[in-house]
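Participant: I'd like to ask you about the structure that follows.
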Amino acid sequence: MPYIVLLIYLAIALALQLLAGDFPVAFFSFPLNIIALLLWLGVMIWLWKTRRKSLFVSFMLSKGATVCAVSLFLIFCLVIGLTGIRSIVGTWIFVAFMLYFQTVLLFVIMRGWRAQTATGAHLGEIRWRFLLNHAGILIAVSSAFWGAPDSDTVRLQAFRDMPVREAIRMDGTGAWLPYEIELKDFKVETYENGVPAMYEADMLIDGEPVTLKVNHPYSKGFGKNIYLTGYDAYAGEDSEYCVIQVVTDPWKYAAVAGIVLMLAGAMLLFAAGPKKRYGEDD
Amino acid sequence: MGRMTDMFTWDIFIWFGILSVVLSAAGAVASMCAKDHWSQSSLKYRYRRRTAISFALASVAVLASFIIGLWISLGRPPLRTMGETRLWYSFFALVAGLFTYVRWRYRWILSFSTVLATVFIMINIFRPEIHDQTLMPALQSPWFIPHVTVYMFSYSFLGCAFLLALAGLFTSKNNVMSAADTLVYIGMAFLTFGMLSGALWAKEAWGHYWSWDPKETWALVTWLSYMLYIHLRLFGRGSRKALCLLLIFCFICLQMCWWGVNYLPAAQDSIHVYNR
């Protein structure tokens, strides 16, 4: 029965996709995404506190729900990997699935973060490995999911001694930066065979002199980073411009927190290994 | 002193490489000779284990001395060319094998790390012309070495789990699945390090932790398929045959991620182009 409901849920998302096109990500930009996140969290925690015996909660906590969550995620990734169609992640059905995935994780964490007695009262010690691995994934995935509407990537060509503000998004729409970017000097080092070994650009960003290099972005305030992504490869050091990418992602700090928790969890995975199973095949 | 350090070039690597492989193989043989059913406090067990560890340590020391010598003679850390990277692979494979043997006493692990290290040492001996291959700017990052080496380490463990799963399809030996579990947990830990270090590096180099690049997507496919295996095992679900087949599927996904994506028509716009 719950599996049929899950199927219907995903089918509705598929129908919405066919009727309305991709999920309206931009509509959920700040503060709507925060409100939706808190609403989701609130309802799920309320269900956990008061409706633990309900069909919904017991399904989310079932082994089948976890296996479905991992398997469906695997299938989505396989489809993206085999077809190369990345835009699948912007569809209603993927968004609906990710909400299901996070819901399963949230319930599993609420139940399992401490060892339990048969009656379900929280008495035992904290299960660190379980908690770090699951909470890490939930935080990393959630920051990408709920933060997507607030993230923005624009590119611009910065010319020598010519301050610019206008940039362009990946979808071709224009954007204006609240400050000016200007190329002052450009250096390329090449190997003997002519392959570029290193390139760097001396820039003037918002009046500040900044040296940009690949792997060395410049941090421009909360959640904003500026990257050097390219130059006129034919002109080399005489390049009249370089390509600058400005990434806005205020949720990146949450993503790092999730990643750090997962790294700690992985260390415990290595250190402690699998649980001993008795009476199975050994 | 100057003349001493100038000796450390790739021309003399063959001697260090061969010596290291021989010592490591000796350690592997000694560890295989210390049978699991022997008492761990028995004299013969302790003697063979100590012999194995000594040989493995000597093997690591030989490679380490070459790396240090090369470092001094180059006047920079030897982390730039592909040949130098392979030198570190072989070094880390030996270190990881030794560490795992000391920690968990798996007697097959030294043989495995020896084979892995030998492959990379052999490539460096027989393909010297690729030592000069250059590194594009995006790869010049402190993330490069840890990102790639943890993946190599992980792949080696998961490769071993794959061999066990193949064996598990045809034999009914009892402890195959629990041995596979241990390998998968170690492999999965390092797969996670690899994937997350990749995400942190991607943020620094390209601006986003995750952009569904084909290589990233297949890394996630691999990670999720092993995740599925771990959960099925925790839940006690799946027949032994099905679990073995799943492990084989996982390893096929891993191959897809490692080199298969390079041949996938849907992945021709990957930004991970430098390893083609």
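If you're wondering about the labels, chains in the structure tokens are A, B, ... by order shown, residues count from 1 in each chain, ligands from 1 in order shown.
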Using only C-alpha atoms, find which residues of chain A lie within 6 Å of chain B and jot them down as a PyMOL selection string.
Facilitator: chain A and resi 74+77+81+83-84+197-198+214-215+266+269-270+273-274+281-282
Participant: Would you mind listing what lies within 12 Å of Leu98 (chain B) as a list of chain:residue names, with only C-alpha atoms counted and same-chain residues fewer than 6 positions away left out?
Facilitator: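 Contacts, with the query itself left out: B:Ser24, B:Gly27, B:Ala28, B:Ser31, B:Arg49, B:Arg50, B:Ala52, B:Ile53, B:Ser54, B:Phe55, B:Ala56, B:Leu57, B:Ala58, B:Ser59, B:Val60, B:Ala61, B:Phe91, B:Phe92, B:Trp104, B:Arg105, B:Tyr106, B:Arg107, B:Trp108, B:Ile109, B:Leu110, B:Ser111, B:Phe112, B:Ser113, B:Thr114.
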Participant: Distance CA of Ala271 (chain A)-CA of Thr100 (chain B), one decimal place?
Facilitator: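 Result for CA of Ala271 (chain A) versus CA of Thr100 (chain B): 10.3 Å, one decimal.
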Participant: Run DSSP on the backbone and grab whatever in region 52-114 of chain B lands in alpha helix (DSSP H); send it over as a PyMOL selection string.
Facilitator: chain B and resi 52-74+82-104+109-114
Participant: Measuring between only C-alpha atoms, which one of A:Ile80, A:Ile93, A:Val67, A:Val43 shows the shortest distance to Leu7 (chain A)?
Facilitator: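 Selected residue with least distance to Leu7 (chain A): A:Ile93.
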Participant: Which residue gives the smallest distance to Leu94 (chain B) among B:Asn124, B:Gly69, B:Thr149, B:Met7, with only C-alpha atoms counted?
Facilitator: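 For Leu94 (chain B), the nearest of the candidates is B:Thr149.
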Participant: How many Å lie between CA of Met44 (chain A) and CA of Phe56 (chain A), rounded to one decimal?
Facilitator: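 Straight-line distance from CA of Met44 (chain A) to CA of Phe56 (chain A) works out to 10.2 Å.
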Participant: Give me every strand (DSSP E) residue in region 138-184 of chain A, going by DSSP on the backbone, as JSON, numbers by chain.
Facilitator: {"A": [152, 153, 154, 155, 156, 157, 158, 159, 164, 165, 166, 167, 168, 169, 174, 175, 176, 177, 178, 179, 180, 181, 182, 183, 184]}
Participant: Could you write out that same residue set with C-alpha atoms as a PDB file, in the first residue's frame?
Facilitator:
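Final output, selection-v7.pdb:
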ATOM      1  CA  ASP A 152      23.469  32.358  -9.252  1.00  0.00           C
ATOM      2  CA  THR A 153      26.354  32.005 -11.699  1.00  0.00           C
ATOM      3  CA  VAL A 154      27.262  34.746 -14.140  1.00  0.00           C
ATOM      4  CA  ARG A 155      30.185  35.205 -16.497  1.00  0.00           C
ATOM      5  CA  LEU A 156      31.714  38.270 -18.051  1.00  0.00           C
ATOM      6  CA  GLN A 157      34.590  39.293 -20.266  1.00  0.00           C
ATOM      7  CA  ALA A 158      36.920  41.679 -18.472  1.00  0.00           C
ATOM      8  CA  PHE A 159      38.952  43.819 -20.884  1.00  0.00           C
ATOM      9  CA  VAL A 164      32.624  46.389 -16.880  1.00  0.00           C
ATOM     10  CA  ARG A 165      29.479  45.551 -14.949  1.00  0.00           C
ATOM     11  CA  GLU A 166      27.394  43.619 -17.427  1.00  0.00           C
ATOM     12  CA  ALA A 167      27.512  39.840 -17.186  1.00  0.00           C
ATOM     13  CA  ILE A 168      25.606  36.951 -18.678  1.00  0.00           C
ATOM     14  CA  ARG A 169      24.024  33.846 -17.136  1.00  0.00           C
ATOM     15  CA  GLY A 174      21.829  39.350 -18.704  1.00  0.00           C
ATOM     16  CA  ALA A 175      22.865  40.424 -15.225  1.00  0.00           C
ATOM     17  CA  TRP A 176      24.361  43.546 -13.663  1.00  0.00           C
ATOM     18  CA  LEU A 177      27.044  43.432 -11.005  1.00  0.00           C
ATOM     19  CA  PRO A 178      26.833  45.999  -8.186  1.00  0.00           C
ATOM     20  CA  TYR A 179      30.541  46.782  -8.739  1.00  0.00           C
ATOM     21  CA  GLU A 180      32.997  47.075 -11.596  1.00  0.00           C
ATOM     22  CA  ILE A 181      35.604  44.567 -12.784  1.00  0.00           C
ATOM     23  CA  GLU A 182      38.629  45.550 -14.809  1.00  0.00           C
ATOM     24  CA  LEU A 183      41.628  43.628 -16.168  1.00  0.00           C
ATOM     25  CA  LYS A 184      44.969  45.291 -15.432  1.00  0.00           C
TER      26      LYS A 184
END
